[in-house]
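See below for data_4.cif, which holds mmCIF, C-alpha atoms (C1' of nucleotides) and all ligand atoms.
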```
data_upload
#
loop_
_atom_site.label_atom_id
_atom_site.label_comp_id
_atom_site.auth_asym_id
_atom_site.auth_seq_id
_atom_site.Cartn_x
_atom_site.Cartn_y
_atom_site.Cartn_z
CA MET A 1023 -1.68 -45.63 3.52
CA ASN A 1024 -4.46 -45.83 1.05
CA ALA A 1025 -3.34 -47.92 -1.90
CA VAL A 1026 -6.16 -46.62 -4.07
CA ALA A 1027 -4.95 -43.05 -3.92
CA SER A 1028 -7.24 -41.58 -6.55
CA LYS A 1029 -6.05 -38.02 -6.64
CA PRO A 1030 -2.79 -36.56 -5.47
CA PRO A 1031 -3.27 -34.29 -2.49
CA PRO A 1032 -3.23 -30.60 -3.36
CA GLU A 1033 0.41 -30.31 -4.35
CA ASN A 1034 2.09 -28.29 -1.69
CA ASN A 1035 5.60 -28.33 -2.94
CA LEU A 1036 7.03 -25.51 -4.92
CA ASN A 1037 7.82 -27.63 -7.94
CA GLU A 1038 4.31 -28.89 -8.56
CA ARG A 1039 2.63 -25.66 -7.65
CA LEU A 1040 4.70 -23.69 -10.10
CA ALA A 1041 4.19 -26.31 -12.81
CA HIS A 1042 0.48 -26.20 -12.22
CA SER A 1043 0.55 -22.51 -13.11
CA GLY A 1044 2.76 -23.07 -16.12
CA LEU A 1045 5.81 -21.71 -14.32
CA ARG A 1046 9.27 -23.23 -13.98
CA LEU A 1047 11.19 -24.04 -10.87
CA THR A 1048 14.32 -21.92 -10.96
CA PRO A 1049 17.13 -21.49 -8.43
CA GLN A 1050 16.01 -17.93 -7.82
CA ARG A 1051 12.40 -18.86 -7.14
CA GLN A 1052 13.62 -21.63 -4.88
CA GLN A 1053 15.88 -19.24 -3.01
CA VAL A 1054 13.21 -16.59 -2.56
CA HIS A 1055 10.78 -19.17 -1.27
CA GLU A 1056 13.40 -20.51 1.13
CA VAL A 1057 14.10 -17.02 2.46
CA LEU A 1058 10.40 -16.61 3.21
CA ARG A 1059 10.07 -19.94 5.00
CA GLU A 1060 13.26 -19.44 6.96
CA LYS A 1061 12.07 -16.40 8.86
CA MET A 1062 8.36 -15.89 8.71
CA ASP A 1063 8.40 -12.31 9.85
CA HIS A 1064 6.53 -11.05 6.81
CA PRO A 1065 9.47 -9.32 5.16
CA THR A 1066 9.17 -6.67 2.47
CA ALA A 1067 10.54 -7.26 -1.04
CA ASP A 1068 13.58 -5.30 -0.02
CA MET A 1069 14.25 -7.48 2.99
CA VAL A 1070 13.77 -10.58 0.87
CA PHE A 1071 16.26 -9.16 -1.61
CA MET A 1072 18.89 -8.64 1.07
CA ARG A 1073 18.42 -12.08 2.58
CA ALA A 1074 18.43 -13.82 -0.77
CA LYS A 1075 21.48 -11.89 -1.86
CA ALA A 1076 23.44 -13.22 1.10
CA LYS A 1077 23.08 -16.74 -0.32
CA MET A 1078 22.94 -15.86 -4.00
CA PRO A 1079 24.94 -12.68 -4.56
CA GLU A 1080 24.04 -12.25 -8.23
CA ILE A 1081 20.30 -12.09 -7.67
CA SER A 1082 18.68 -8.80 -8.65
CA MET A 1083 15.86 -6.78 -7.15
CA ALA A 1084 13.81 -7.20 -10.33
CA THR A 1085 14.15 -10.95 -10.00
CA VAL A 1086 13.02 -10.85 -6.40
CA TYR A 1087 9.89 -9.01 -7.49
CA ASN A 1088 9.40 -11.45 -10.36
CA CYS A 1089 9.86 -14.43 -8.09
CA LEU A 1090 7.50 -13.07 -5.46
CA ASP A 1091 4.91 -12.50 -8.17
CA ALA A 1092 5.35 -16.04 -9.43
CA LEU A 1093 5.03 -17.46 -5.92
CA VAL A 1094 1.91 -15.44 -5.28
CA GLN A 1095 0.48 -16.46 -8.63
CA CYS A 1096 0.95 -20.15 -8.01
CA GLY A 1097 -0.49 -19.91 -4.52
CA MET A 1098 2.64 -20.52 -2.47
CA VAL A 1099 2.82 -17.06 -0.95
CA ARG A 1100 0.38 -14.41 0.22
CA GLN A 1101 0.75 -10.67 -0.09
CA VAL A 1102 0.02 -8.70 3.04
CA THR A 1103 -0.80 -5.01 2.94
CA LEU A 1104 -1.43 -3.47 6.31
CA ASP A 1105 -0.14 0.04 6.69
CA ARG A 1106 0.94 2.32 3.89
CA GLY A 1107 4.45 1.30 2.87
CA ALA A 1108 6.00 -1.76 1.34
CA THR A 1109 3.99 -4.90 0.72
CA ARG A 1110 4.90 -7.79 2.97
CA TYR A 1111 5.07 -11.45 1.99
CA CYS A 1112 3.86 -14.50 3.88
CA PRO A 1113 4.59 -18.11 2.93
CA ASN A 1114 1.97 -19.47 5.34
CA MET A 1115 -0.94 -20.53 3.17
CA GLN A 1116 -3.07 -21.79 6.04
CA ASP A 1117 -6.12 -19.65 6.59
CA HIS A 1118 -4.95 -17.11 9.15
CA SER A 1119 -5.14 -13.48 10.10
CA HIS A 1120 -2.52 -10.92 10.99
CA PHE A 1121 -1.68 -9.13 14.17
CA TYR A 1122 -0.02 -5.81 13.52
CA CYS A 1123 1.92 -4.17 16.34
CA ASP A 1124 1.12 -0.47 16.26
CA GLU A 1125 4.28 0.22 18.22
CA CYS A 1126 7.04 -1.60 16.34
CA GLY A 1127 5.29 -2.56 13.12
CA SER A 1128 5.91 -6.28 13.48
CA VAL A 1129 3.42 -8.65 11.89
CA HIS A 1130 2.39 -11.97 13.44
CA ASP A 1131 0.35 -14.86 12.16
CA ILE A 1132 -2.75 -15.60 14.19
CA LEU A 1133 -4.10 -19.04 13.33
CA GLN A 1134 -7.70 -18.07 13.52
CA THR A 1135 -10.02 -16.34 11.13
CA ILE A 1136 -13.52 -15.03 11.14
CA SER A 1137 -15.63 -16.80 8.56
CA PRO A 1138 -18.46 -15.03 6.74
CA GLU A 1139 -20.81 -17.30 8.73
CA ASP A 1140 -19.28 -16.66 12.17
CA ALA A 1141 -19.62 -12.97 11.87
CA ASP A 1142 -23.19 -12.52 10.79
CA ILE A 1143 -22.52 -9.60 8.58
CA LYS A 1144 -25.70 -8.13 7.17
CA LEU A 1145 -24.79 -6.68 3.84
CA PRO A 1146 -27.06 -4.33 1.93
CA ARG A 1147 -28.92 -5.95 -0.97
CA GLY A 1148 -26.78 -6.97 -3.93
CA PHE A 1149 -23.37 -7.40 -2.35
CA ARG A 1150 -21.79 -10.81 -2.76
CA LEU A 1151 -19.33 -11.54 0.04
CA LYS A 1152 -16.41 -13.81 -0.79
CA ASN A 1153 -14.14 -13.56 2.18
CA ILE A 1154 -13.29 -11.57 5.25
CA GLU A 1155 -9.86 -10.21 5.95
CA THR A 1156 -9.24 -9.57 9.61
CA ASN A 1157 -6.38 -7.42 10.79
CA LEU A 1158 -5.76 -7.26 14.51
CA HIS A 1159 -4.14 -4.14 15.89
CA GLY A 1160 -2.47 -3.71 19.23
CA LEU A 1161 0.81 -4.41 20.96
CA CYS A 1162 3.05 -7.41 20.38
CA PRO A 1163 4.35 -9.25 23.47
CA ASP A 1164 7.65 -7.37 23.45
CA CYS A 1165 6.06 -3.96 23.16
CA ALA A 1166 3.29 -4.83 25.64
CA ALA A 1167 5.97 -5.76 28.19
CA LYS A 1168 7.88 -2.52 27.64
CA ALA A 1169 4.66 -0.49 27.88
CA LYS A 1170 4.11 -1.70 31.46
CA MET O 1052 -33.35 19.79 25.46
CA ASN O 1053 -31.39 19.41 28.62
CA ALA O 1054 -30.91 22.83 30.18
CA VAL O 1055 -28.10 21.58 32.42
CA ALA O 1056 -25.83 20.68 29.55
CA SER O 1057 -22.71 19.95 31.57
CA LYS O 1058 -20.28 19.10 28.81
CA PRO O 1059 -20.45 19.98 25.15
CA PRO O 1060 -21.03 16.90 23.04
CA PRO O 1061 -17.89 15.59 21.37
CA GLU O 1062 -17.36 18.40 18.91
CA ASN O 1063 -18.16 17.06 15.53
CA ASN O 1064 -17.72 20.14 13.48
CA LEU O 1065 -14.56 20.85 11.63
CA ASN O 1066 -13.90 24.10 13.40
CA GLU O 1067 -13.85 22.73 16.91
CA ARG O 1068 -12.12 19.53 16.01
CA LEU O 1069 -9.26 21.34 14.34
CA ALA O 1070 -9.01 23.81 17.19
CA HIS O 1071 -8.89 20.95 19.67
CA SER O 1072 -5.77 19.70 17.92
CA GLY O 1073 -4.24 23.16 17.76
CA LEU O 1074 -5.01 23.49 14.06
CA ARG O 1075 -6.71 26.34 12.23
CA LEU O 1076 -9.75 26.23 10.05
CA THR O 1077 -8.63 27.32 6.60
CA PRO O 1078 -10.55 27.59 3.32
CA GLN O 1079 -8.45 24.75 1.94
CA ARG O 1080 -9.12 22.41 4.86
CA GLN O 1081 -12.78 23.30 4.63
CA GLN O 1082 -12.82 22.58 0.91
CA VAL O 1083 -11.03 19.25 1.23
CA HIS O 1084 -13.41 18.16 3.95
CA GLU O 1085 -16.38 19.22 1.84
CA VAL O 1086 -15.10 17.22 -1.12
CA LEU O 1087 -14.91 14.15 1.07
CA ARG O 1088 -18.41 14.55 2.48
CA GLU O 1089 -19.91 15.32 -0.90
CA LYS O 1090 -19.11 11.99 -2.45
CA MET O 1091 -18.20 9.34 0.06
CA ASP O 1092 -16.61 6.97 -2.40
CA HIS O 1093 -13.31 6.82 -0.56
CA PRO O 1094 -11.31 8.86 -3.05
CA THR O 1095 -7.54 8.90 -3.25
CA ALA O 1096 -5.54 12.08 -2.58
CA ASP O 1097 -5.36 12.57 -6.31
CA MET O 1098 -9.11 12.38 -6.74
CA VAL O 1099 -9.59 14.78 -3.84
CA PHE O 1100 -7.14 17.14 -5.51
CA MET O 1101 -9.06 17.12 -8.79
CA ARG O 1102 -12.42 17.62 -7.11
CA ALA O 1103 -11.15 20.38 -4.84
CA LYS O 1104 -9.42 22.07 -7.74
CA ALA O 1105 -12.74 22.37 -9.58
CA LYS O 1106 -14.03 24.66 -6.83
CA MET O 1107 -10.74 26.18 -5.78
CA PRO O 1108 -8.44 26.27 -8.81
CA GLU O 1109 -5.35 27.55 -6.97
CA ILE O 1110 -5.18 24.65 -4.51
CA SER O 1111 -2.05 22.52 -4.77
CA MET O 1112 -1.44 18.82 -4.39
CA ALA O 1113 0.86 19.44 -1.43
CA THR O 1114 -1.93 21.32 0.29
CA VAL O 1115 -4.35 18.49 -0.33
CA TYR O 1116 -1.93 16.11 1.38
CA ASN O 1117 -1.42 18.61 4.19
CA CYS O 1118 -5.14 19.09 4.64
CA LEU O 1119 -5.86 15.37 4.60
CA ASP O 1120 -3.16 14.89 7.23
CA ALA O 1121 -4.68 17.64 9.37
CA LEU O 1122 -8.16 16.14 9.04
CA VAL O 1123 -6.87 12.70 9.96
CA GLN O 1124 -4.93 14.14 12.87
CA CYS O 1125 -7.94 15.91 14.36
CA GLY O 1126 -10.13 12.85 13.90
CA MET O 1127 -12.44 14.10 11.17
CA VAL O 1128 -11.24 11.66 8.52
CA ARG O 1129 -10.01 8.07 8.39
CA GLN O 1130 -7.31 6.66 6.15
CA VAL O 1131 -8.19 3.45 4.38
CA THR O 1132 -5.54 1.17 2.94
CA LEU O 1133 -6.88 -1.89 1.22
CA ASP O 1134 -4.97 -2.96 -1.84
CA ARG O 1135 -1.55 -1.77 -2.81
CA GLY O 1136 -1.89 1.63 -4.40
CA ALA O 1137 -3.01 5.03 -3.23
CA THR O 1138 -4.43 5.55 0.24
CA ARG O 1139 -8.13 6.31 0.31
CA TYR O 1140 -9.89 8.75 2.60
CA CYS O 1141 -13.17 8.38 4.45
CA PRO O 1142 -15.00 11.17 6.30
CA ASN O 1143 -17.34 8.74 8.05
CA MET O 1144 -16.10 8.52 11.61
CA GLN O 1145 -18.77 6.09 12.78
CA ASP O 1146 -17.35 2.69 13.62
CA HIS O 1147 -17.65 0.81 10.35
CA SER O 1148 -15.91 -1.63 8.09
CA HIS O 1149 -15.16 -1.63 4.40
CA PHE O 1150 -16.39 -3.73 1.55
CA TYR O 1151 -13.90 -3.88 -1.28
CA CYS O 1152 -15.10 -4.97 -4.71
CA ASP O 1153 -12.47 -7.27 -6.15
CA GLU O 1154 -13.84 -6.59 -9.63
CA CYS O 1155 -14.03 -2.81 -9.91
CA GLY O 1156 -12.09 -1.71 -6.84
CA SER O 1157 -14.92 0.33 -5.36
CA VAL O 1158 -15.05 0.72 -1.58
CA HIS O 1159 -18.29 0.79 0.42
CA ASP O 1160 -19.02 1.54 4.04
CA ILE O 1161 -20.61 -1.30 5.96
CA LEU O 1162 -22.11 -0.05 9.19
CA GLN O 1163 -21.15 -3.03 11.22
CA THR O 1164 -17.95 -4.09 12.86
CA ILE O 1165 -16.62 -7.08 14.68
CA SER O 1166 -15.65 -6.16 18.21
CA PRO O 1167 -12.79 -7.90 19.99
CA GLU O 1168 -15.48 -9.51 22.21
CA ASP O 1169 -17.74 -10.71 19.40
CA ALA O 1170 -14.99 -12.57 17.70
CA ASP O 1171 -13.47 -14.57 20.50
CA ILE O 1172 -9.98 -14.32 19.22
CA LYS O 1173 -7.58 -16.40 21.25
CA LEU O 1174 -4.29 -14.61 21.07
CA PRO O 1175 -1.03 -16.20 22.14
CA ARG O 1176 0.24 -15.05 25.54
CA GLY O 1177 1.46 -11.46 25.71
CA PHE O 1178 -0.40 -9.84 22.84
CA ARG O 1179 -2.57 -6.88 23.75
CA LEU O 1180 -5.44 -6.44 21.29
CA LYS O 1181 -6.68 -2.90 20.74
CA ASN O 1182 -8.99 -3.15 17.78
CA ILE O 1183 -10.02 -5.27 14.87
CA GLU O 1184 -10.07 -4.02 11.32
CA THR O 1185 -12.40 -5.98 9.10
CA ASN O 1186 -12.20 -5.79 5.34
CA LEU O 1187 -14.88 -7.56 3.36
CA HIS O 1188 -14.00 -8.77 -0.11
CA GLY O 1189 -16.38 -9.75 -2.86
CA LEU O 1190 -18.52 -8.20 -5.55
CA CYS O 1191 -20.37 -4.91 -5.28
CA PRO O 1192 -24.03 -4.88 -6.39
CA ASP O 1193 -23.17 -3.58 -9.88
CA CYS O 1194 -20.47 -6.16 -10.51
CA ALA O 1195 -22.52 -8.98 -8.96
CA ALA O 1196 -25.33 -8.17 -11.37
CA LYS O 1197 -23.01 -8.16 -14.37
CA ALA O 1198 -21.41 -11.43 -13.24
CA LYS O 1199 -24.78 -13.21 -13.54
"C1'" DT Y 151 0.07 48.25 12.53
"C1'" DC Y 152 3.53 44.89 13.37
"C1'" DT Y 153 5.29 40.46 14.37
"C1'" DC Y 154 5.43 35.69 14.44
"C1'" DA Y 155 3.91 31.35 13.76
"C1'" DA Y 156 0.93 28.58 10.90
"C1'" DT Y 157 -0.21 27.48 6.38
"C1'" DT Y 158 0.12 27.18 1.48
"C1'" DT Y 159 2.63 26.52 -2.54
"C1'" DA Y 160 5.77 24.68 -6.41
"C1'" DG Y 161 8.94 21.82 -7.18
"C1'" DA Y 162 12.63 18.59 -5.74
"C1'" DA Y 163 13.39 14.31 -3.53
"C1'" DT Y 164 12.31 9.74 -2.02
"C1'" DA Y 165 10.30 4.99 -1.73
"C1'" DG Y 166 8.27 1.25 -3.68
"C1'" DT Y 167 7.18 -0.92 -7.67
"C1'" DT Y 168 6.74 -1.86 -12.62
"C1'" DC Y 169 8.49 -1.70 -17.21
"C1'" DT Y 170 11.93 -2.39 -21.00
"C1'" DA Y 171 15.07 -4.54 -23.65
"C1'" DA Y 172 19.00 -7.23 -23.89
"C1'" DA Y 173 21.41 -11.42 -22.15
"C1'" DT Y 174 20.96 -16.05 -20.48
"C1'" DC Y 175 18.89 -20.33 -19.66
"C1'" DT Y 176 15.76 -24.24 -20.58
"C1'" DT Y 177 12.96 -27.35 -23.07
"C1'" DG Y 178 11.53 -29.99 -26.56
"C1'" DA Y 179 11.63 -31.01 -31.73
"C1'" DC Y 180 14.55 -32.91 -34.77
"C1'" DG T 883 23.50 -33.67 -29.53
"C1'" DT T 884 21.90 -29.33 -32.07
"C1'" DC T 885 18.94 -25.76 -32.54
"C1'" DA T 886 14.99 -22.68 -32.29
"C1'" DA T 887 11.47 -20.80 -29.34
"C1'" DG T 888 10.01 -19.39 -25.26
"C1'" DA T 889 10.76 -18.45 -20.33
"C1'" DT T 890 13.55 -16.19 -17.05
"C1'" DT T 891 16.94 -13.08 -15.27
"C1'" DT T 892 19.11 -8.81 -15.16
"C1'" DA T 893 20.32 -3.65 -14.94
"C1'" DG T 894 18.55 0.28 -15.28
"C1'" DA T 895 14.94 3.54 -16.72
"C1'" DA T 896 10.36 4.91 -15.73
"C1'" DC T 897 6.53 5.56 -12.98
"C1'" DT T 898 3.30 6.42 -8.96
"C1'" DA T 899 2.34 7.86 -4.54
"C1'" DT T 900 4.04 10.45 -1.04
"C1'" DT T 901 7.10 13.42 1.68
"C1'" DC T 902 10.29 17.11 2.06
"C1'" DT T 903 12.16 21.87 1.33
"C1'" DA T 904 12.21 26.49 1.25
"C1'" DA T 905 10.06 30.59 -0.09
"C1'" DA T 906 5.66 33.25 -0.21
"C1'" DT T 907 1.27 34.18 2.00
"C1'" DT T 908 -1.97 34.50 5.62
"C1'" DG T 909 -3.99 35.69 9.88
"C1'" DA T 910 -4.21 36.16 15.02
"C1'" DG T 911 -2.79 38.57 18.72
"C1'" DA T 912 0.33 42.22 20.96
MN MN F 1201 0.94 -14.36 7.61
MN MN F 1202 -15.44 4.26 5.08
ZN ZN F 1203 5.79 -4.48 18.84
ZN ZN F 1204 -17.66 -3.68 -8.36
#
```

Show me, as C-alpha cells, the structure contained in the file I just sent.
Ligand SMILES: [Mn+2]
Ligand SMILES: [Mn+2]
Ligand SMILES: [Zn+2]
Ligand SMILES: [Zn+2]
Amino acid sequence: MNAVASKPPPENNLNERLAHSGLRLTPQRQQVHEVLREKMDHPTADMVFMRAKAKMPEISMATVYNCLDALVQCGMVRQVTLDRGATRYCPNMQDHSHFYCDECGSVHDILQTISPEDADIKLPRGFRLKNIETNLHGLCPDCAAKAK
Amino acid sequence: MNAVASKPPPENNLNERLAHSGLRLTPQRQQVHEVLREKMDHPTADMVFMRAKAKMPEISMATVYNCLDALVQCGMVRQVTLDRGATRYCPNMQDHSHFYCDECGSVHDILQTISPEDADIKLPRGFRLKNIETNLHGLCPDCAAKAK
DNA sequence: TCTCAATTTAGAATAGTTCTAAATCTTGAC
DNA sequence: GTCAAGATTTAGAACTATTCTAAATTGAGA
C-alpha cells in the first residue's frame, strides 16, 4: 500500500469512533454493536435488549438505551423512525434508504439514495436543504409472494 | 359548467368524506378539522387539543384523538411522523412532501414529490414498491437567516 | 316517542423512552 | 500500586404520547 499514508482513513472501528467522541469502549457497547451487526433487521431497543441479554445476562434496558445513544453519537449507528412506535436502529452507515413493508412492518436497506441534485427539488426562497430522507413503502418479497 | 355531470367530483368536503366511510359529521370532528385548516403548521394532537379547546371548551383529549383518527380514516387528514415524538397532522391532501427544520423542528409543505418513476430506484427482486415518502431536512427560512 | 348504535368523555392503562441516584468501573496522577 | 475523579452501568421511578374502558350523551330512523 501507500507508504506515505498521511491521514488514517476515517476510523470505522468501534474503538476509534467512540474515542473520537470522547467515549469509552465498554463490553456493553461492544455487545450492543455486535447485536446490531449480527442481524441487520433494524431492531427496536427492546429487541436489542433481548438479544444482548442472551449473551450478557446482567445487561439492563437503561444500558441498552445508553449504548445505542453512544453509538449514534459517535456515528456507528443510525436511528430509523418510520411508523409511529419504537425507534429502530441500523448499523449500516453507508448512505442508503429504507424500504418499509406496509404488510409485515419489516425494514430493508436499499443501497440507493436520492441526492438533492438528482431530485431537482425547487424549494421556496430561504430554505436551505441539507439532505433528503427517502422512505420506500410497499410489500417485501415475502408479503408480495403471499399477496399473489 | 358541464351539464352532463356524470359523476360527482371526488367529494372533498368533510360531510361527504365522513359519510363515505360510514362516519358522522359531528361538531367535534368539524372543529378539529377547522383547527387543522386554520393553521397548517402540522400540529401535534396536543396542540390540536389546545386550539380546539379555545373554541369548544368541553372537548376532551380522547375526542381529539378519536376525531383525528376519523379524519385520517376518511382521507381528509394525513399523519406525519418525522422525528421521534408526537405524531403531527396535516389537512393538505395534495401529493406533497415535508421539509423538516433540524434547528427549530418546524414542518413545511413542499408541493413536489418524487414519483417511483422519477427516481429510478432499482429494488432487489421481489419487492413491490407502492409509494415514496420524501422528507427534506435542513434549515427553514427563519433559521437559515439567523445562521448567517 | 323510542330504540339502538355511534360518539364523546374522564380517567385508567400501556408503550416507549428518559431521568435519577446509587453502585461500579476505569483512567491517570502520584 | 494507590487513590481520586470522572465515566459508565444499573434498577427503578418518572414522563410523554397514545390507546383502552366503560359510562354518559347524542342523534337518526322506526
Ligand atoms: Mn438501514
Ligand atoms: Mn403536510
Ligand atoms: Zn412484509
Ligand atoms: Zn427553523

_All residues having an atom within 10 Å of ligand MN 1202 (chain F) (only C-alpha atoms (C1' of nucleotides) and all ligand atoms) as an MDAnalysis selection string_ = chainID O and resid 1091:1093 1128:1131 1139:1150 1158:1162

*asked:* I'd like the neighbourhood of range 157-174 of chain Y as a PyMOL selection string, where a residue qualifies if any of its atoms comes within 10 Å (using all atoms listed in the file), though same-chain residues fewer than 4 positions away should be ignored.
replied: (chain A and resi 1067-1068+1084+1087+1107-1109) or (chain O and resi 1074-1075+1077+1079+1109-1115+1117-1118+1136) or (chain T and resi 890-903+905-909)

*Would you name the residues within 9 Å of ligand ZN 1203 (chain F), counting only C-alpha atoms (C1' of nucleotides) and all ligand atoms, and put them as a VMD selection string?*
chain A and resid 1122 to 1129 1160 to 1166

*Interatomic distance, CA of Ile1136 in chain A to CA of Glu1184 in chain O (Å, one decimal)*: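 Between CA of Ile1136 in chain A and CA of Glu1184 in chain O the gap is 11.5 Å.
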
*How many Å lie between CA of Ile1143 in chain A and CA of Arg1088 in chain O, rounded to one decimal?*
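Atom-to-atom, CA of Ile1143 in chain A and CA of Arg1088 in chain O are spaced 25.2 Å apart.
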
*To one decimal in Å, tell me the separation between CA of Asn1037 in chain A and CA of Pro1065 in chain A.*
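Value for the CA of Asn1037 in chain A-CA of Pro1065 in chain A distance: 22.6 Å.
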
*Got a sec: who's within 12 Å of Glu1168 in chain O, counting all atoms listed in the file, leaving out chain neighbours fewer than 2 positions off, as a ChimeraX atom specification?*
/A:1141 /O:1164-1166,1170-1173,1180-1183

_Nearest to chain Y, chosen from O:Met1098, O:Ala1198, O:Leu1133, O:Leu1076, with only C-alpha atoms (C1' of nucleotides) counted in the distances_ = O:Leu1076

*Rank A:Ala1092, A:Ala1076, A:Ala1167, A:Leu1058 by their smallest atom-to-atom distance to chain T, using all atoms listed in the file, and report the top residue only.*
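Checking each candidate against chain T, we get A:Ala1092 as the closest.
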
If I only have part of range 1079-1086 of chain O, can you fill in all heavy atoms and write it as a CSV table (one decimal), keeping the file's coordinate frame?
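Saved to selection11.csv:
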```csv
chain,number,residue,atom,x,y,z
O,1079,GLN,N,-8.9,26.0,2.6
O,1079,GLN,CA,-8.4,24.8,1.9
O,1079,GLN,C,-8.9,23.5,2.7
O,1079,GLN,O,-9.4,22.5,2.2
O,1079,GLN,CB,-6.9,24.7,1.8
O,1079,GLN,CG,-6.4,25.7,0.7
O,1079,GLN,CD,-6.2,27.1,1.3
O,1079,GLN,OE1,-6.6,27.4,2.4
O,1079,GLN,NE2,-5.5,27.9,0.6
O,1080,ARG,N,-8.7,23.5,4.0
O,1080,ARG,CA,-9.1,22.4,4.9
O,1080,ARG,C,-10.6,22.2,4.8
O,1080,ARG,O,-11.1,21.1,4.7
O,1080,ARG,CB,-8.7,22.6,6.3
O,1080,ARG,CG,-7.2,22.4,6.5
O,1080,ARG,CD,-6.7,22.8,7.9
O,1080,ARG,NE,-5.2,22.6,7.9
O,1080,ARG,CZ,-4.4,23.0,8.9
O,1080,ARG,NH1,-4.9,23.7,9.9
O,1080,ARG,NH2,-3.1,22.8,8.8
O,1081,GLN,N,-11.3,23.3,4.7
O,1081,GLN,CA,-12.8,23.3,4.6
O,1081,GLN,C,-13.2,22.6,3.3
O,1081,GLN,O,-14.0,21.7,3.3
O,1081,GLN,CB,-13.3,24.7,4.6
O,1081,GLN,CG,-14.6,24.9,5.3
O,1081,GLN,CD,-14.8,26.4,5.8
O,1081,GLN,OE1,-15.2,26.7,6.8
O,1081,GLN,NE2,-14.4,27.3,4.9
O,1082,GLN,N,-12.5,23.1,2.2
O,1082,GLN,CA,-12.8,22.6,0.9
O,1082,GLN,C,-12.5,21.1,0.8
O,1082,GLN,O,-13.4,20.3,0.3
O,1082,GLN,CB,-12.0,23.3,-0.1
O,1082,GLN,CG,-12.2,22.9,-1.5
O,1082,GLN,CD,-13.7,23.2,-2.0
O,1082,GLN,OE1,-14.1,24.3,-2.1
O,1082,GLN,NE2,-14.5,22.1,-2.1
O,1083,VAL,N,-11.4,20.7,1.3
O,1083,VAL,CA,-11.0,19.2,1.2
O,1083,VAL,C,-12.0,18.4,2.0
O,1083,VAL,O,-12.5,17.4,1.5
O,1083,VAL,CB,-9.6,19.0,1.8
O,1083,VAL,CG1,-9.3,17.6,2.1
O,1083,VAL,CG2,-8.6,19.5,0.8
O,1084,HIS,N,-12.4,18.9,3.2
O,1084,HIS,CA,-13.4,18.2,4.0
O,1084,HIS,C,-14.7,18.1,3.2
O,1084,HIS,O,-15.4,17.0,3.2
O,1084,HIS,CB,-13.6,18.8,5.3
O,1084,HIS,CG,-14.4,18.0,6.3
O,1084,HIS,ND1,-15.6,18.5,6.8
O,1084,HIS,CD2,-14.3,16.8,6.8
O,1084,HIS,CE1,-16.1,17.6,7.6
O,1084,HIS,NE2,-15.3,16.5,7.6
O,1085,GLU,N,-15.1,19.2,2.6
O,1085,GLU,CA,-16.4,19.2,1.8
O,1085,GLU,C,-16.4,18.2,0.7
O,1085,GLU,O,-17.3,17.5,0.5
O,1085,GLU,CB,-16.6,20.6,1.3
O,1085,GLU,CG,-18.0,21.1,1.3
O,1085,GLU,CD,-18.1,22.6,1.1
O,1085,GLU,OE1,-17.7,23.3,2.0
O,1085,GLU,OE2,-18.5,23.0,0.0
O,1086,VAL,N,-15.3,18.2,0.0
O,1086,VAL,CA,-15.1,17.2,-1.1
O,1086,VAL,C,-15.3,15.8,-0.6
O,1086,VAL,O,-16.0,15.0,-1.3
O,1086,VAL,CB,-13.7,17.3,-1.7
O,1086,VAL,CG1,-13.3,16.1,-2.5
O,1086,VAL,CG2,-13.6,18.6,-2.6
```
